[in-house]
$ cat model-v3.tsv   # TSV, C-alpha atoms
chain	number	residue	atom	x	y	z
S	1	MET	CA	-34.07	-11.57	-13.21
S	2	THR	CA	-33.64	-15.31	-13.04
S	3	LEU	CA	-36.64	-17.53	-12.39
S	4	LYS	CA	-35.59	-18.04	-8.77
S	5	LYS	CA	-35.73	-14.30	-8.03
S	6	ARG	CA	-39.09	-13.62	-9.66
S	7	LYS	CA	-41.95	-12.83	-7.29
S	8	ASN	CA	-44.47	-14.83	-9.30
S	9	ARG	CA	-43.23	-18.39	-9.49
S	10	PRO	CA	-43.89	-20.33	-12.72
S	11	ASP	CA	-46.29	-22.69	-10.90
S	12	LYS	CA	-48.56	-19.82	-9.86
S	13	GLU	CA	-48.41	-18.19	-13.27
S	14	HIS	CA	-49.29	-21.50	-14.86
S	15	LYS	CA	-52.45	-21.88	-12.79
S	16	ASN	CA	-53.72	-18.64	-14.29
S	17	SER	CA	-52.91	-19.69	-17.86
S	18	ILE	CA	-55.56	-20.78	-20.33
S	19	MET	CA	-55.51	-22.81	-23.51
S	20	ASP	CA	-54.36	-20.87	-26.58
S	21	TRP	CA	-57.53	-21.52	-28.55
S	22	PRO	CA	-56.55	-19.83	-31.87
S	23	ILE	CA	-53.40	-21.98	-32.10
S	24	LEU	CA	-55.33	-25.10	-31.09
S	25	LEU	CA	-57.97	-24.39	-33.76
S	26	ILE	CA	-55.35	-23.96	-36.49
S	27	VAL	CA	-53.63	-27.20	-35.48
S	28	LEU	CA	-56.99	-29.02	-35.44
S	29	VAL	CA	-57.84	-27.82	-38.97
S	30	LEU	CA	-54.38	-28.80	-40.27
S	31	VAL	CA	-54.61	-32.26	-38.67
S	32	ILE	CA	-58.06	-32.89	-40.16
S	33	LEU	CA	-56.92	-31.70	-43.60
S	34	GLY	CA	-53.77	-33.81	-43.30
S	35	ILE	CA	-55.65	-37.01	-42.47
S	36	MET	CA	-58.19	-36.32	-45.20
S	37	MET	CA	-55.48	-35.78	-47.84
S	38	GLN	CA	-53.48	-38.80	-46.64
S	39	TYR	CA	-56.59	-40.94	-47.07
S	40	SER	CA	-56.97	-39.76	-50.65
S	41	ALA	CA	-53.25	-39.77	-51.58
S	42	SER	CA	-52.71	-43.28	-50.17
S	43	SER	CA	-55.50	-44.63	-52.41
S	44	TYR	CA	-57.82	-45.02	-49.43
S	45	ASP	CA	-55.53	-46.99	-47.10
S	46	VAL	CA	-57.81	-47.50	-44.09
S	47	ASP	CA	-55.07	-48.95	-41.87
S	48	LEU	CA	-52.87	-45.89	-42.44
S	49	ILE	CA	-55.69	-43.53	-41.51
S	50	LYS	CA	-56.51	-45.52	-38.37
S	51	LYS	CA	-52.90	-45.14	-37.22
S	52	GLN	CA	-52.88	-41.42	-38.03
S	53	GLY	CA	-56.18	-40.98	-36.22
S	54	ILE	CA	-54.81	-42.72	-33.11
S	55	PHE	CA	-51.69	-40.53	-33.14
S	56	ALA	CA	-53.82	-37.39	-33.59
S	57	LEU	CA	-56.05	-38.37	-30.67
S	58	ILE	CA	-53.02	-39.06	-28.45
S	59	GLY	CA	-51.56	-35.70	-29.50
S	60	PHE	CA	-54.67	-33.71	-28.58
S	61	LEU	CA	-55.04	-35.55	-25.27
S	62	ALA	CA	-51.39	-34.67	-24.55
S	63	ILE	CA	-52.14	-31.00	-25.29
S	64	ILE	CA	-54.99	-30.97	-22.76
S	65	ILE	CA	-52.98	-32.81	-20.11
S	66	MET	CA	-49.86	-30.65	-20.52
S	67	ASN	CA	-51.94	-27.51	-20.10
S	68	PHE	CA	-52.37	-28.51	-16.43
S	69	ILE	CA	-48.76	-29.53	-15.76
S	70	PRO	CA	-46.70	-26.87	-13.90
S	71	VAL	CA	-43.88	-25.24	-15.82
S	72	ARG	CA	-41.42	-26.25	-13.11
S	73	PHE	CA	-41.99	-29.91	-14.04
S	74	TRP	CA	-40.67	-29.26	-17.57
S	75	MET	CA	-37.64	-27.52	-16.08
S	76	ILE	CA	-36.89	-30.70	-14.11
S	77	VAL	CA	-37.26	-33.08	-17.07
S	78	ALA	CA	-35.63	-30.85	-19.71
S	79	VAL	CA	-32.07	-32.19	-19.40
S	80	PRO	CA	-32.92	-35.93	-19.14
S	81	ALA	CA	-35.51	-35.56	-21.94
S	82	TYR	CA	-32.84	-34.19	-24.27
S	83	PHE	CA	-30.30	-36.93	-23.58
S	84	ILE	CA	-32.89	-39.73	-23.72
S	85	THR	CA	-34.23	-38.56	-27.10
S	86	LEU	CA	-30.67	-38.08	-28.39
S	87	ALA	CA	-29.82	-41.63	-27.32
S	88	LEU	CA	-32.94	-42.96	-29.06
S	89	CYS	CA	-31.80	-41.33	-32.30
S	90	GLY	CA	-28.42	-43.03	-31.86
S	91	MET	CA	-30.20	-46.37	-31.38
S	92	CYS	CA	-31.57	-46.12	-34.92
S	93	TYR	CA	-28.12	-47.21	-36.12
S	94	PHE	CA	-28.44	-50.51	-34.25
S	95	VAL	CA	-32.16	-51.37	-34.15
S	96	GLY	CA	-33.74	-49.01	-36.69
S	97	SER	CA	-35.76	-50.46	-39.56
S	98	ASP	CA	-34.02	-49.95	-42.91
S	99	THR	CA	-36.19	-48.08	-45.42
S	100	LYS	CA	-34.56	-47.25	-48.75
S	101	GLY	CA	-31.11	-47.14	-47.17
S	102	ALA	CA	-32.08	-44.95	-44.20
S	103	LYS	CA	-32.66	-46.05	-40.59
S	104	ARG	CA	-35.07	-43.48	-39.18
S	105	TRP	CA	-37.70	-45.60	-37.45
S	106	ILE	CA	-37.62	-47.92	-34.42
S	107	PRO	CA	-40.23	-50.73	-34.46
S	108	ILE	CA	-42.16	-51.22	-31.21
S	109	GLY	CA	-44.36	-54.18	-32.20
S	110	GLY	CA	-47.93	-54.54	-33.39
S	111	GLY	CA	-47.07	-52.95	-36.70
S	112	PHE	CA	-46.22	-49.67	-34.98
S	113	LYS	CA	-42.93	-47.80	-35.14
S	114	PHE	CA	-41.78	-44.35	-34.13
S	115	GLN	CA	-39.27	-41.82	-35.40
S	116	PRO	CA	-36.97	-40.72	-32.53
S	117	ALA	CA	-35.99	-37.52	-34.37
S	118	GLU	CA	-39.52	-36.20	-33.79
S	119	PHE	CA	-39.05	-36.59	-30.03
S	120	LEU	CA	-35.60	-35.00	-30.24
S	121	LYS	CA	-37.29	-31.84	-31.52
S	122	ILE	CA	-39.13	-31.67	-28.19
S	123	GLY	CA	-35.93	-32.48	-26.29
S	124	VAL	CA	-34.06	-29.59	-27.94
S	125	LEU	CA	-36.99	-27.25	-27.33
S	126	LEU	CA	-37.21	-28.09	-23.62
S	127	LEU	CA	-33.46	-27.91	-23.03
S	128	THR	CA	-33.10	-24.59	-24.89
S	129	ALA	CA	-36.01	-23.06	-22.95
S	130	PHE	CA	-34.52	-24.30	-19.67
S	131	ILE	CA	-31.06	-22.85	-20.42
S	132	ILE	CA	-32.52	-19.54	-21.59
S	133	CYS	CA	-34.46	-19.22	-18.30
S	134	ARG	CA	-31.41	-20.12	-16.24
S	135	TYR	CA	-28.94	-17.82	-18.02
S	136	ILE	CA	-31.24	-14.97	-19.09
S	137	ASN	CA	-29.16	-12.41	-17.16
S	138	ASP	CA	-25.98	-13.42	-19.02
S	139	ILE	CA	-27.79	-13.51	-22.39
S	140	ASN	CA	-29.03	-9.95	-21.87
S	141	ASN	CA	-25.67	-8.68	-20.55
S	142	GLU	CA	-24.35	-6.97	-23.67
S	143	GLU	CA	-21.23	-5.74	-21.88
S	144	GLU	CA	-20.00	-9.32	-21.44
S	145	PHE	CA	-20.08	-9.89	-25.19
S	146	LYS	CA	-17.84	-6.98	-26.13
S	147	LEU	CA	-14.37	-8.09	-27.26
S	148	LYS	CA	-12.54	-5.62	-25.01
S	149	THR	CA	-14.57	-6.68	-22.00
S	150	SER	CA	-13.94	-10.37	-22.70
S	151	VAL	CA	-10.18	-9.81	-23.07
S	152	ARG	CA	-10.07	-7.82	-19.82
S	153	THR	CA	-12.12	-10.50	-18.01
S	154	ILE	CA	-9.73	-13.23	-19.22
S	155	ARG	CA	-6.76	-11.25	-17.86
S	156	GLU	CA	-8.40	-10.48	-14.52
S	157	LYS	CA	-10.56	-13.53	-13.81
S	158	GLY	CA	-9.50	-16.18	-16.31
S	159	LEU	CA	-11.06	-17.85	-19.36
S	160	ARG	CA	-13.49	-19.83	-17.21
S	161	LYS	CA	-15.33	-16.61	-16.25
S	162	VAL	CA	-15.84	-15.67	-19.92
S	163	ILE	CA	-17.05	-19.15	-20.83
S	164	LYS	CA	-19.52	-19.05	-17.92
S	165	ALA	CA	-20.90	-15.73	-19.18
S	166	HIS	CA	-21.53	-17.31	-22.59
S	167	LEU	CA	-23.13	-20.56	-21.37
S	168	GLY	CA	-26.59	-19.24	-22.28
S	169	TYR	CA	-25.47	-19.54	-25.91
S	170	ILE	CA	-22.88	-22.32	-25.72
S	171	ILE	CA	-25.14	-25.01	-24.21
S	172	PRO	CA	-28.15	-24.55	-26.56
S	173	LEU	CA	-25.85	-24.32	-29.59
S	174	ALA	CA	-23.99	-27.48	-28.54
S	175	ALA	CA	-27.29	-29.29	-27.91
S	176	MET	CA	-28.92	-28.37	-31.21
S	177	THR	CA	-25.70	-29.00	-33.17
S	178	ALA	CA	-25.22	-32.44	-31.58
S	179	GLY	CA	-28.86	-33.32	-32.23
S	180	ALA	CA	-28.74	-32.17	-35.84
S	181	ALA	CA	-25.45	-34.03	-36.44
S	182	VAL	CA	-26.79	-37.31	-35.01
S	183	VAL	CA	-29.96	-37.11	-37.12
S	184	ALA	CA	-28.11	-36.12	-40.30
S	185	ILE	CA	-25.36	-38.73	-40.00
S	186	ILE	CA	-27.12	-41.73	-38.42
S	187	THR	CA	-30.63	-41.43	-39.86
S	188	LYS	CA	-29.52	-39.60	-43.04
S	189	ASP	CA	-32.36	-37.10	-42.63
S	190	LEU	CA	-30.89	-33.69	-43.39
S	191	GLY	CA	-34.31	-32.01	-43.53
S	192	THR	CA	-35.19	-32.99	-39.96
S	193	ALA	CA	-31.65	-32.13	-38.83
S	194	ILE	CA	-32.12	-28.59	-40.17
S	195	ILE	CA	-35.46	-28.30	-38.33
S	196	ILE	CA	-33.88	-29.46	-35.05
S	197	PHE	CA	-31.14	-26.83	-35.34
S	198	ALA	CA	-33.68	-24.18	-36.37
S	199	ILE	CA	-35.87	-24.82	-33.29
S	200	GLY	CA	-33.11	-23.85	-30.86
S	201	TYR	CA	-31.74	-21.10	-33.10
S	202	ILE	CA	-35.10	-19.33	-33.48
S	203	MET	CA	-35.64	-19.48	-29.72
S	204	LEU	CA	-32.29	-17.74	-29.20
S	205	LEU	CA	-33.09	-15.29	-31.98
S	206	VAL	CA	-36.35	-14.28	-30.27
S	207	ILE	CA	-34.80	-13.81	-26.81
S	208	SER	CA	-31.32	-12.45	-27.66
S	209	PRO	CA	-30.45	-8.78	-28.22
S	210	ARG	CA	-27.30	-9.72	-30.19
S	211	ILE	CA	-28.41	-10.15	-33.79
S	212	LYS	CA	-24.88	-9.87	-35.24
S	213	TYR	CA	-23.72	-12.64	-32.93
S	214	LEU	CA	-26.50	-14.92	-34.18
S	215	ILE	CA	-25.91	-13.98	-37.82
S	216	ALA	CA	-22.33	-15.25	-37.46
S	217	ILE	CA	-23.68	-18.50	-35.97
S	218	ILE	CA	-26.15	-19.07	-38.81
S	219	GLY	CA	-23.34	-18.41	-41.28
S	220	ALA	CA	-21.32	-21.24	-39.74
S	221	ALA	CA	-24.42	-23.48	-39.71
S	222	LEU	CA	-25.07	-22.81	-43.41
S	223	ALA	CA	-21.46	-23.70	-44.22
S	224	ALA	CA	-21.88	-26.98	-42.30
S	225	GLY	CA	-25.13	-27.67	-44.15
S	226	VAL	CA	-23.46	-27.15	-47.51
S	227	GLY	CA	-20.70	-29.52	-46.41
S	228	MET	CA	-23.29	-32.18	-45.51
S	229	VAL	CA	-24.88	-31.83	-48.95
S	230	ILE	CA	-21.57	-32.06	-50.79
S	231	ALA	CA	-20.48	-35.06	-48.68
S	232	PHE	CA	-23.36	-37.19	-49.98
S	233	PRO	CA	-23.59	-37.44	-53.80
S	234	TYR	CA	-27.30	-38.34	-53.80
S	235	ARG	CA	-28.12	-34.99	-52.15
S	236	MET	CA	-26.16	-33.11	-54.79
S	237	GLY	CA	-28.01	-35.17	-57.40
S	238	ARG	CA	-31.35	-34.05	-56.00
S	239	ILE	CA	-30.34	-30.38	-56.03
S	240	TYR	CA	-28.98	-30.68	-59.55
S	241	ALA	CA	-32.18	-32.34	-60.74
S	242	TRP	CA	-34.29	-29.68	-59.03
S	243	LEU	CA	-32.36	-26.87	-60.73
S	244	ASN	CA	-32.42	-28.58	-64.13
S	245	VAL	CA	-35.84	-30.24	-64.38
S	246	PRO	CA	-36.58	-29.06	-67.95
S	247	VAL	CA	-33.19	-30.12	-69.35
S	248	GLU	CA	-31.98	-32.91	-67.05
S	249	ASN	CA	-31.68	-36.16	-68.99
S	250	SER	CA	-31.57	-38.53	-66.03
S	251	GLU	CA	-35.12	-39.86	-65.67
S	252	THR	CA	-34.24	-41.33	-62.27
S	253	LEU	CA	-33.19	-37.97	-60.80
S	254	ARG	CA	-35.98	-35.82	-62.17
S	255	TYR	CA	-38.88	-38.31	-62.18
S	256	GLN	CA	-40.37	-37.39	-58.79
S	257	ILE	CA	-40.05	-33.63	-59.32
S	258	LYS	CA	-41.49	-33.82	-62.84
S	259	GLN	CA	-44.48	-35.90	-61.78
S	260	GLY	CA	-45.10	-33.53	-58.87
S	261	LEU	CA	-45.10	-30.55	-61.22
S	262	TYR	CA	-47.56	-32.36	-63.47
S	263	ALA	CA	-49.86	-32.84	-60.48
S	264	ILE	CA	-49.67	-29.18	-59.42
S	265	GLY	CA	-50.15	-27.93	-62.98
S	266	SER	CA	-53.09	-30.21	-63.76
S	267	GLY	CA	-54.91	-29.11	-60.61
S	268	GLY	CA	-55.21	-25.57	-61.88
S	269	LEU	CA	-56.79	-22.90	-59.74
S	270	PHE	CA	-59.54	-24.88	-58.02
S	271	GLY	CA	-58.36	-28.49	-58.40
S	272	LYS	CA	-59.89	-31.65	-59.80
S	273	GLY	CA	-61.82	-32.38	-56.63
S	274	LEU	CA	-61.15	-34.37	-53.49
S	275	GLY	CA	-60.16	-37.96	-54.27
S	276	LYS	CA	-59.82	-37.35	-58.02
S	277	SER	CA	-56.01	-37.24	-58.27
S	278	ILE	CA	-54.48	-39.17	-61.15
S	279	GLN	CA	-50.83	-38.48	-60.32
S	280	LYS	CA	-51.06	-40.26	-56.96
S	281	ASN	CA	-50.83	-43.50	-58.93
S	282	VAL	CA	-47.43	-42.59	-60.42
S	283	ILE	CA	-45.74	-40.25	-57.90
S	284	PRO	CA	-43.39	-42.03	-55.44
S	285	GLU	CA	-44.50	-41.60	-51.80
S	286	PRO	CA	-47.61	-39.53	-52.66
S	287	HIS	CA	-49.01	-39.65	-49.09
S	288	THR	CA	-45.76	-38.56	-47.38
S	289	ASP	CA	-42.94	-36.66	-49.14
S	290	MET	CA	-45.01	-35.51	-52.13
S	291	ILE	CA	-48.41	-35.01	-50.52
S	292	PHE	CA	-48.48	-31.26	-51.22
S	293	SER	CA	-48.46	-31.95	-54.96
S	294	ILE	CA	-51.57	-34.12	-54.45
S	295	VAL	CA	-53.15	-31.33	-52.38
S	296	CYS	CA	-52.65	-28.91	-55.27
S	297	GLU	CA	-53.95	-31.41	-57.82
S	298	GLU	CA	-57.16	-32.11	-55.88
S	299	LEU	CA	-57.76	-28.74	-54.16
S	300	GLY	CA	-55.99	-26.47	-56.65
S	301	ILE	CA	-53.57	-23.62	-56.11
S	302	ILE	CA	-56.15	-21.92	-53.88
S	303	GLY	CA	-56.37	-24.97	-51.59
S	304	GLY	CA	-52.59	-25.24	-51.42
S	305	ALA	CA	-52.28	-21.50	-50.69
S	306	LEU	CA	-54.83	-21.74	-47.87
S	307	ILE	CA	-52.82	-24.52	-46.21
S	308	ILE	CA	-49.64	-22.43	-46.47
S	309	LEU	CA	-51.57	-19.51	-44.96
S	310	LEU	CA	-52.61	-21.69	-42.01
S	311	PHE	CA	-48.96	-22.56	-41.35
S	312	ILE	CA	-48.01	-18.88	-41.56
S	313	LEU	CA	-50.73	-18.02	-39.02
S	314	LEU	CA	-49.50	-20.83	-36.77
S	315	VAL	CA	-45.94	-19.46	-36.85
$ encode --input "model-v3.tsv" --output "C-alpha cells"
Amino acid sequence: MTLKKRKNRPDKEHKNSIMDWPILLIVLVLVILGIMMQYSASSYDVDLIKKQGIFALIGFLAIIIMNFIPVRFWMIVAVPAYFITLALCGMCYFVGSDTKGAKRWIPIGGGFKFQPAEFLKIGVLLLTAFIICRYINDINNEEEFKLKTSVRTIREKGLRKVIKAHLGYIIPLAAMTAGAAVVAIITKDLGTAIIIFAIGYIMLLVISPRIKYLIAIIGAALAAGVGMVIAFPYRMGRIYAWLNVPVENSETLRYQIKQGLYAIGSGGLFGKGLGKSIQKNVIPEPHTDMIFSIVCEELGIIGGALIILLFILLV
C-alpha cells in the first residue's frame, strides 16, 4: 500500500520510535577515533581538531533533534532539499575555493568552508526514500516490468502509461545520476560521485524484487565510471601507479602509495603507538586522504582491522 492508505500514519509511528543506540554507539566510537587520529596525523594541529570537534557536536545534536521530527516533514522537504544541494554543488564552479586544481569547497567566512557534495548525499537519500514510498506499488508490480506486458500496455494505453509505471526507478536513477555527474565533472571528485550514486542504488536494491533489472543498471553505471576514468589522464595515472607500485619508475605517480605502504608495513601487528608515526611527516595529506595508513602505523594491523570491523557493523 502507499503511505496514504496505511492505517498507521508515519507521524504516529514516529512517536513510538526510539533512538537506535547500537548504531549511535558505533558512530560515536568512530568519531572519537577519527578526531584522535586526525590530531596525531596532523602533527597536533589544535585548530583543525577544534573545527572537527565543533562539527561532531553539531552532528550529534542534529541526530537528537531529528529523532523527534515527524517522518512526514522529511517527505515535504525531500524534493527541495535535493535541488538545493544539487545547485550548491554547481555553485562550486563559480565560487568554490581552488585546492590543487579542484573546486570542492565553498568558503562561508571565519575560516570555515563546507563541501556541498556531502549535503547532496543527504539530498539523494531523502529524494530516493520519498519516491520509493510514493511508488512502492509500481516498484513491487512485477507484471508491469515484463517485456510482453509493457509492449501490450504501449499498444493499449500508450507509452506514457509504461513510463508512469517505471517512475519509481526512473526518478531515483535520474536524481542519483545527475548528482554523481555534477560532482564528478564540476568538483572533479569521482570517489564522492560514486558514493552518491551508490546511496540511491543500494536503497533500490534493498526494496526492489527485480535484481536482474538492477544488475543491468549497475552494468551501465560501471561503464560510465570507466569512461570518466579514461577521460581524465591523471585518474588513469593513479590506477597505473597503483597496479605497478614495485616497478613504476615515475616517483611522482607512486610516491604517495609507496609512502603509505611503508607506514602500514612499519606499524606491524600492534603499531608503534599513538602519536609515534614517522611517515606522517612525509606522506601527502596524512590527516585526510591517507589517514588510514597512519592508523595502521600507530595502531597496527589489529587497530586498522578493528576500525574496518566497526564500519562493517555500521553497514
$ closest_residue --input "model-v3.tsv" --among "S:Met176, S:Val31, S:Ile186, S:Ile106" --to "Tyr93 (chain S)" --atoms "all atoms listed in the file"
S:Ile186
$ closest_residue --input "model-v3.tsv" --among "S:Leu204, S:Ala78, S:Leu306, S:Leu86" --to "Leu33 (chain S)" --atoms "only C-alpha atoms"
S:Leu306
$ atom_distance --input "model-v3.tsv" --atom1 "CA of Met37 (chain S)" --atom2 "CA of Met19 (chain S)"
27.6 Å
$ atom_distance --input "model-v3.tsv" --atom1 "CA of Ile294 (chain S)" --atom2 "CA of Gly268 (chain S)"
11.9 Å
$ closest_residue --input "model-v3.tsv" --among "S:Phe232, S:Trp21, S:Phe292, S:Phe311" --to "Gly260 (chain S)" --atoms "all atoms listed in the file"
S:Phe292
$ residues_around --input "model-v3.tsv" --residues "Leu30 (chain S)" --least-positions-apart "4" --cutoff "12 Å" --atoms "all atoms listed in the file" --output "JSON, numbers by chain"
{"S": [23, 24, 25, 26, 34, 35, 36, 37, 38, 56, 304, 306, 307, 308, 309, 310, 311, 312, 313, 314]}
$ atom_distance --input "model-v3.tsv" --atom1 "CA of Ala216 (chain S)" --atom2 "CA of Gly179 (chain S)"
19.9 Å
$ closest_residue --input "model-v3.tsv" --among "S:Phe94, S:Asp20, S:Ala41, S:Trp105" --to "Ile64 (chain S)" --atoms "only C-alpha atoms"
S:Asp20
$ residues_near_point --input "model-v3.tsv" --point "(-37.9, -44.5, -36.3)" --cutoff "10 Å" --atoms "all atoms listed in the file" --output "list in words"
Leu88, Cys89, Met91, Cys92, Val95, Gly96, Ser97, Asp98, Thr99, Ala102, Lys103, Arg104, Trp105, Ile106, Pro107, Ile108, Phe112, Lys113, Phe114, Gln115, Pro116, Ala117, Glu118 and Thr187 of chain S
$ residues_around --input "model-v3.tsv" --residues "region 157-172 of chain S" --least-positions-apart "3" --cutoff "6 Å" --atoms "only C-alpha atoms" --output "compact mmCIF listing (two decimals) with C-alpha atoms, in the frame of the given file"
# COMPACT_ATOMS: atom_id res chain seq x y z
CA THR S 128 -33.10 -24.59 -24.89
CA ILE S 132 -32.52 -19.54 -21.59
CA TYR S 135 -28.94 -17.82 -18.02
CA ASP S 138 -25.98 -13.42 -19.02
CA ILE S 139 -27.79 -13.51 -22.39
CA THR S 153 -12.12 -10.50 -18.01
CA ILE S 154 -9.73 -13.23 -19.22
CA ALA S 175 -27.29 -29.29 -27.91
$ residues_around --input "model-v3.tsv" --residues "Leu125 (chain S)" --least-positions-apart "3" --cutoff "9 Å" --atoms "all atoms listed in the file" --output "PyMOL selection string"
chain S and resi 78+82+120-122+128-130+196+199-200+203
$ closest_residue --input "model-v3.tsv" --among "S:Asn67, S:Cys133, S:Ser293, S:Lys100" --to "Tyr262 (chain S)" --atoms "only C-alpha atoms"
S:Ser293
$ closest_residue --input "model-v3.tsv" --among "S:Val315, S:His287, S:Arg254, S:Ile215" --to "Leu48 (chain S)" --atoms "all atoms listed in the file"
S:His287
